[in-house]
$ cat model-v2.cif   # mmCIF, N, CA and C atoms
data_start
#
loop_
_atom_site.label_atom_id
_atom_site.label_comp_id
_atom_site.auth_asym_id
_atom_site.auth_seq_id
_atom_site.Cartn_x
_atom_site.Cartn_y
_atom_site.Cartn_z
N MET A 1 -105.04 10.04 79.58
CA MET A 1 -104.43 9.40 80.73
C MET A 1 -105.37 9.44 81.93
N THR A 2 -106.10 10.53 82.07
CA THR A 2 -107.03 10.65 83.19
C THR A 2 -108.14 9.63 83.09
N TYR A 3 -108.54 9.30 81.85
CA TYR A 3 -109.60 8.31 81.66
C TYR A 3 -109.18 6.94 82.20
N ILE A 4 -107.92 6.56 81.98
CA ILE A 4 -107.43 5.27 82.45
C ILE A 4 -107.40 5.25 83.97
N GLU A 5 -106.95 6.33 84.58
CA GLU A 5 -106.91 6.40 86.05
C GLU A 5 -108.31 6.31 86.63
N THR A 6 -109.26 6.99 86.01
CA THR A 6 -110.64 6.94 86.49
C THR A 6 -111.22 5.55 86.33
N LEU A 7 -110.92 4.90 85.21
CA LEU A 7 -111.40 3.54 84.97
C LEU A 7 -110.85 2.57 86.01
N ILE A 8 -109.57 2.66 86.30
CA ILE A 8 -108.95 1.77 87.28
C ILE A 8 -109.51 2.04 88.67
N LEU A 9 -109.72 3.29 89.02
CA LEU A 9 -110.29 3.63 90.32
C LEU A 9 -111.72 3.10 90.45
N ASP A 10 -112.50 3.20 89.37
CA ASP A 10 -113.86 2.66 89.39
C ASP A 10 -113.86 1.14 89.55
N ILE A 11 -112.93 0.47 88.88
CA ILE A 11 -112.82 -0.98 89.02
C ILE A 11 -112.45 -1.35 90.45
N LYS A 12 -111.51 -0.60 91.04
CA LYS A 12 -111.09 -0.87 92.42
C LYS A 12 -112.25 -0.71 93.39
N ASN A 13 -113.01 0.35 93.22
CA ASN A 13 -114.15 0.59 94.10
C ASN A 13 -115.23 -0.48 93.93
N SER A 14 -115.45 -0.91 92.70
CA SER A 14 -116.44 -1.96 92.44
C SER A 14 -116.02 -3.26 93.11
N LEU A 15 -114.75 -3.62 92.98
CA LEU A 15 -114.26 -4.85 93.61
C LEU A 15 -114.34 -4.78 95.13
N ALA A 16 -114.07 -3.62 95.70
CA ALA A 16 -114.17 -3.47 97.15
C ALA A 16 -115.61 -3.64 97.61
N ASN A 17 -116.56 -3.08 96.86
CA ASN A 17 -117.98 -3.24 97.23
C ASN A 17 -118.45 -4.68 97.06
N ILE A 18 -118.03 -5.31 95.98
CA ILE A 18 -118.41 -6.70 95.76
C ILE A 18 -117.80 -7.59 96.85
N GLY A 19 -116.56 -7.32 97.21
CA GLY A 19 -115.89 -8.13 98.24
C GLY A 19 -116.58 -8.01 99.59
N ALA A 20 -117.00 -6.80 99.94
CA ALA A 20 -117.69 -6.62 101.22
C ALA A 20 -119.03 -7.35 101.22
N ALA A 21 -119.75 -7.26 100.12
CA ALA A 21 -121.04 -7.95 100.02
C ALA A 21 -120.84 -9.46 100.04
N LEU A 22 -119.82 -9.95 99.33
CA LEU A 22 -119.56 -11.39 99.30
C LEU A 22 -119.16 -11.90 100.67
N SER A 23 -118.39 -11.11 101.40
CA SER A 23 -118.00 -11.49 102.75
C SER A 23 -119.23 -11.64 103.65
N LEU A 24 -120.13 -10.68 103.56
CA LEU A 24 -121.35 -10.75 104.36
C LEU A 24 -122.20 -11.94 103.96
N ILE A 25 -122.29 -12.21 102.68
CA ILE A 25 -123.07 -13.36 102.20
C ILE A 25 -122.47 -14.66 102.73
N LEU A 26 -121.15 -14.79 102.71
CA LEU A 26 -120.51 -16.00 103.22
C LEU A 26 -120.80 -16.22 104.70
N ILE A 27 -120.74 -15.16 105.48
CA ILE A 27 -121.00 -15.28 106.92
C ILE A 27 -122.45 -15.68 107.17
N ILE A 28 -123.38 -15.06 106.49
CA ILE A 28 -124.80 -15.39 106.66
C ILE A 28 -125.09 -16.80 106.19
N LEU A 29 -124.53 -17.18 105.03
CA LEU A 29 -124.74 -18.53 104.51
C LEU A 29 -124.17 -19.58 105.46
N GLY A 30 -123.01 -19.28 106.04
CA GLY A 30 -122.43 -20.20 107.02
C GLY A 30 -123.33 -20.38 108.23
N GLY A 31 -123.94 -19.30 108.70
CA GLY A 31 -124.87 -19.41 109.83
C GLY A 31 -126.10 -20.22 109.48
N ILE A 32 -126.62 -20.04 108.27
CA ILE A 32 -127.79 -20.80 107.84
C ILE A 32 -127.45 -22.28 107.73
N VAL A 33 -126.32 -22.59 107.12
CA VAL A 33 -125.91 -24.00 106.98
C VAL A 33 -125.68 -24.63 108.35
N TYR A 34 -125.09 -23.88 109.26
CA TYR A 34 -124.86 -24.41 110.61
C TYR A 34 -126.19 -24.70 111.31
N GLY A 35 -127.15 -23.79 111.15
CA GLY A 35 -128.46 -24.02 111.74
C GLY A 35 -129.16 -25.23 111.14
N ILE A 36 -129.07 -25.39 109.83
CA ILE A 36 -129.70 -26.55 109.18
C ILE A 36 -129.03 -27.84 109.63
N SER A 37 -127.73 -27.80 109.86
CA SER A 37 -127.02 -29.02 110.24
C SER A 37 -127.46 -29.55 111.60
N GLN A 38 -128.04 -28.72 112.43
CA GLN A 38 -128.47 -29.18 113.75
C GLN A 38 -129.60 -30.20 113.67
N GLY A 39 -130.35 -30.19 112.59
CA GLY A 39 -131.45 -31.14 112.44
C GLY A 39 -131.08 -32.40 111.70
N MET A 40 -129.83 -32.58 111.37
CA MET A 40 -129.38 -33.74 110.59
C MET A 40 -128.91 -34.85 111.50
N PRO A 41 -128.86 -36.06 110.96
CA PRO A 41 -128.32 -37.18 111.74
C PRO A 41 -126.83 -36.96 112.07
N ALA A 42 -126.36 -37.65 113.06
CA ALA A 42 -125.00 -37.44 113.55
C ALA A 42 -123.94 -37.72 112.49
N GLU A 43 -124.22 -38.64 111.57
CA GLU A 43 -123.20 -38.99 110.57
C GLU A 43 -122.90 -37.83 109.63
N THR A 44 -123.91 -37.06 109.29
CA THR A 44 -123.70 -35.96 108.35
C THR A 44 -123.58 -34.61 109.03
N ARG A 45 -123.95 -34.51 110.28
CA ARG A 45 -123.91 -33.23 110.99
C ARG A 45 -122.51 -32.63 111.02
N GLY A 46 -121.52 -33.46 111.29
CA GLY A 46 -120.14 -32.98 111.38
C GLY A 46 -119.65 -32.40 110.07
N LYS A 47 -120.00 -33.05 108.96
CA LYS A 47 -119.57 -32.56 107.65
C LYS A 47 -120.19 -31.19 107.36
N TRP A 48 -121.47 -31.05 107.64
CA TRP A 48 -122.15 -29.79 107.38
C TRP A 48 -121.67 -28.70 108.32
N GLN A 49 -121.41 -29.05 109.58
CA GLN A 49 -120.90 -28.05 110.51
C GLN A 49 -119.50 -27.58 110.12
N SER A 50 -118.68 -28.52 109.64
CA SER A 50 -117.34 -28.14 109.18
C SER A 50 -117.42 -27.19 108.00
N MET A 51 -118.33 -27.47 107.07
CA MET A 51 -118.49 -26.59 105.93
C MET A 51 -118.99 -25.22 106.38
N ALA A 52 -119.92 -25.19 107.33
CA ALA A 52 -120.46 -23.92 107.81
C ALA A 52 -119.38 -23.09 108.49
N VAL A 53 -118.58 -23.71 109.31
CA VAL A 53 -117.50 -22.99 109.98
C VAL A 53 -116.49 -22.47 108.96
N GLY A 54 -116.22 -23.26 107.93
CA GLY A 54 -115.33 -22.82 106.86
C GLY A 54 -115.87 -21.60 106.14
N LEU A 55 -117.18 -21.58 105.88
CA LEU A 55 -117.80 -20.43 105.24
C LEU A 55 -117.69 -19.18 106.12
N ILE A 56 -117.95 -19.35 107.40
CA ILE A 56 -117.90 -18.22 108.32
C ILE A 56 -116.47 -17.68 108.43
N ILE A 57 -115.50 -18.57 108.61
CA ILE A 57 -114.10 -18.14 108.72
C ILE A 57 -113.64 -17.49 107.42
N GLY A 58 -114.05 -18.07 106.28
CA GLY A 58 -113.70 -17.47 104.99
C GLY A 58 -114.26 -16.07 104.84
N GLY A 59 -115.49 -15.87 105.29
CA GLY A 59 -116.09 -14.54 105.24
C GLY A 59 -115.37 -13.54 106.14
N ILE A 60 -114.97 -14.00 107.31
CA ILE A 60 -114.24 -13.13 108.23
C ILE A 60 -112.87 -12.76 107.68
N ILE A 61 -112.17 -13.74 107.11
CA ILE A 61 -110.85 -13.47 106.53
C ILE A 61 -110.97 -12.51 105.35
N MET A 62 -111.99 -12.72 104.51
CA MET A 62 -112.19 -11.83 103.37
C MET A 62 -112.47 -10.40 103.85
N ALA A 63 -113.28 -10.27 104.89
CA ALA A 63 -113.58 -8.93 105.43
C ALA A 63 -112.32 -8.28 105.99
N ALA A 64 -111.47 -9.07 106.64
CA ALA A 64 -110.23 -8.52 107.19
C ALA A 64 -109.29 -8.06 106.08
N ILE A 65 -109.19 -8.83 105.01
CA ILE A 65 -108.32 -8.46 103.90
C ILE A 65 -108.84 -7.20 103.21
N ILE A 66 -110.14 -7.17 102.97
CA ILE A 66 -110.72 -6.00 102.30
C ILE A 66 -110.59 -4.76 103.18
N GLY A 67 -110.81 -4.93 104.47
CA GLY A 67 -110.71 -3.80 105.38
C GLY A 67 -109.30 -3.26 105.52
N SER A 68 -108.31 -4.13 105.41
CA SER A 68 -106.93 -3.68 105.60
C SER A 68 -106.19 -3.43 104.29
N ALA A 69 -106.83 -3.64 103.16
CA ALA A 69 -106.15 -3.49 101.87
C ALA A 69 -105.64 -2.06 101.66
N GLU A 70 -106.44 -1.09 102.02
CA GLU A 70 -106.03 0.32 101.84
C GLU A 70 -104.83 0.65 102.73
N VAL A 71 -104.83 0.16 103.95
CA VAL A 71 -103.72 0.41 104.87
C VAL A 71 -102.45 -0.27 104.37
N ILE A 72 -102.59 -1.50 103.88
CA ILE A 72 -101.43 -2.22 103.35
C ILE A 72 -100.85 -1.48 102.14
N ARG A 73 -101.74 -0.99 101.27
CA ARG A 73 -101.29 -0.25 100.09
C ARG A 73 -100.54 1.02 100.50
N ASN A 74 -101.06 1.74 101.48
CA ASN A 74 -100.40 2.98 101.93
C ASN A 74 -99.04 2.70 102.53
N ILE A 75 -98.92 1.64 103.31
CA ILE A 75 -97.63 1.28 103.90
C ILE A 75 -96.64 0.89 102.81
N ALA A 76 -97.10 0.14 101.82
CA ALA A 76 -96.22 -0.28 100.73
C ALA A 76 -95.78 0.94 99.90
N MET A 77 -96.67 1.90 99.70
CA MET A 77 -96.33 3.09 98.94
C MET A 77 -95.27 3.91 99.69
N LYS A 78 -95.41 4.03 101.01
CA LYS A 78 -94.43 4.78 101.80
C LYS A 78 -93.07 4.08 101.78
N ALA A 79 -93.10 2.73 101.86
CA ALA A 79 -91.84 1.99 101.83
C ALA A 79 -91.17 2.10 100.48
N ALA A 80 -91.95 2.12 99.41
CA ALA A 80 -91.38 2.21 98.07
C ALA A 80 -90.78 3.59 97.82
N THR A 81 -91.41 4.63 98.35
CA THR A 81 -90.89 5.97 98.12
C THR A 81 -89.71 6.30 99.05
N ALA A 82 -89.59 5.57 100.15
CA ALA A 82 -88.52 5.84 101.10
C ALA A 82 -87.18 5.33 100.59
N GLU A 83 -87.19 4.37 99.70
CA GLU A 83 -85.94 3.79 99.21
C GLU A 83 -85.25 4.63 98.20
#
$ encode --input "model-v2.cif" --output "structure tokens"
Amino acid sequence: MTYIETLILDIKNSLANIGAALSLILIILGGIVYGISQGMPAETRGKWQSMAVGLIIGGIIMAAIIGSAEVIRNIAMKAATAE
């Protein structure tokens, strides 16, 4: 039984690390795309800027979810045990 708990905990930690790295990559990629879009013609600039802002916002939302996941889990555990 301990092996299963350790395996699940390792998977959780791996996903948290991957999520944090992916969030950072999305934010950096969004900044690069936004910078590249500044040199494009006006017809395509808006499309690229919209995509860049979407990448940045997605990275920020992912970071917020990953950062608050432990707190949300603890609150849910307390609510479940209180009933």
$ resolve_selection --input "model-v2.cif" --expression "the PyMOL selection byres (((chain A and resi 51 and name CA) around 12) and name CA)" --output "list in words"
Leu26, Ile27, Leu29, Gly30, Gly31, Ile32, Val33, Tyr34, Gly35, Ile36, Ser37, Thr44, Arg45, Gly46, Lys47, Trp48, Gln49, Ser50, Ala52, Val53, Gly54, Leu55, Ile56, Ile57 and Gly58 of chain A
$ closest_residue --input "model-v2.cif" --among "A:Ala42, A:Leu7, A:Ala79, A:Leu24" --to "Gly59 in chain A" --atoms "all atoms listed in the file"
A:Leu24
$ atom_distance --input "model-v2.cif" --atom1 "CA of Glu70 in chain A" --atom2 "CA of Ala16 in chain A"
10.1 Å
$ closest_residue --input "model-v2.cif" --among "A:Thr81, A:Thr6, A:Ser68, A:Asn74" --to "Ala20 in chain A" --atoms "only C-alpha atoms"
A:Ser68
$ atom_distance --input "model-v2.cif" --atom1 "atom N of Gly67 in chain A" --atom2 "atom C of Gly19 in chain A"
8.2 Å
$ atom_distance --input "model-v2.cif" --atom1 "CA of Ala64 in chain A" --atom2 "CA of Ala76 in chain A"
17.5 Å
$ decode --input "model-v2.cif" --residues "range 15-29 of chain A" --atoms "C-alpha atoms" --output "tab-separated table (two decimals), in the first residue's frame"
chain	number	residue	atom	x	y	z
A	15	LEU	CA	3.00	17.12	-12.78
A	16	ALA	CA	3.44	20.17	-10.55
A	17	ASN	CA	7.01	20.66	-11.81
A	18	ILE	CA	6.00	20.16	-15.43
A	19	GLY	CA	3.10	22.59	-15.02
A	20	ALA	CA	5.32	25.29	-13.56
A	21	ALA	CA	7.85	24.89	-16.38
A	22	LEU	CA	5.10	24.86	-19.01
A	23	SER	CA	3.60	28.02	-17.54
A	24	LEU	CA	6.94	29.79	-17.74
A	25	ILE	CA	7.46	28.58	-21.31
A	26	LEU	CA	4.03	29.90	-22.35
A	27	ILE	CA	4.74	33.33	-20.88
A	28	ILE	CA	8.16	33.58	-22.52
A	29	LEU	CA	6.85	32.28	-25.86
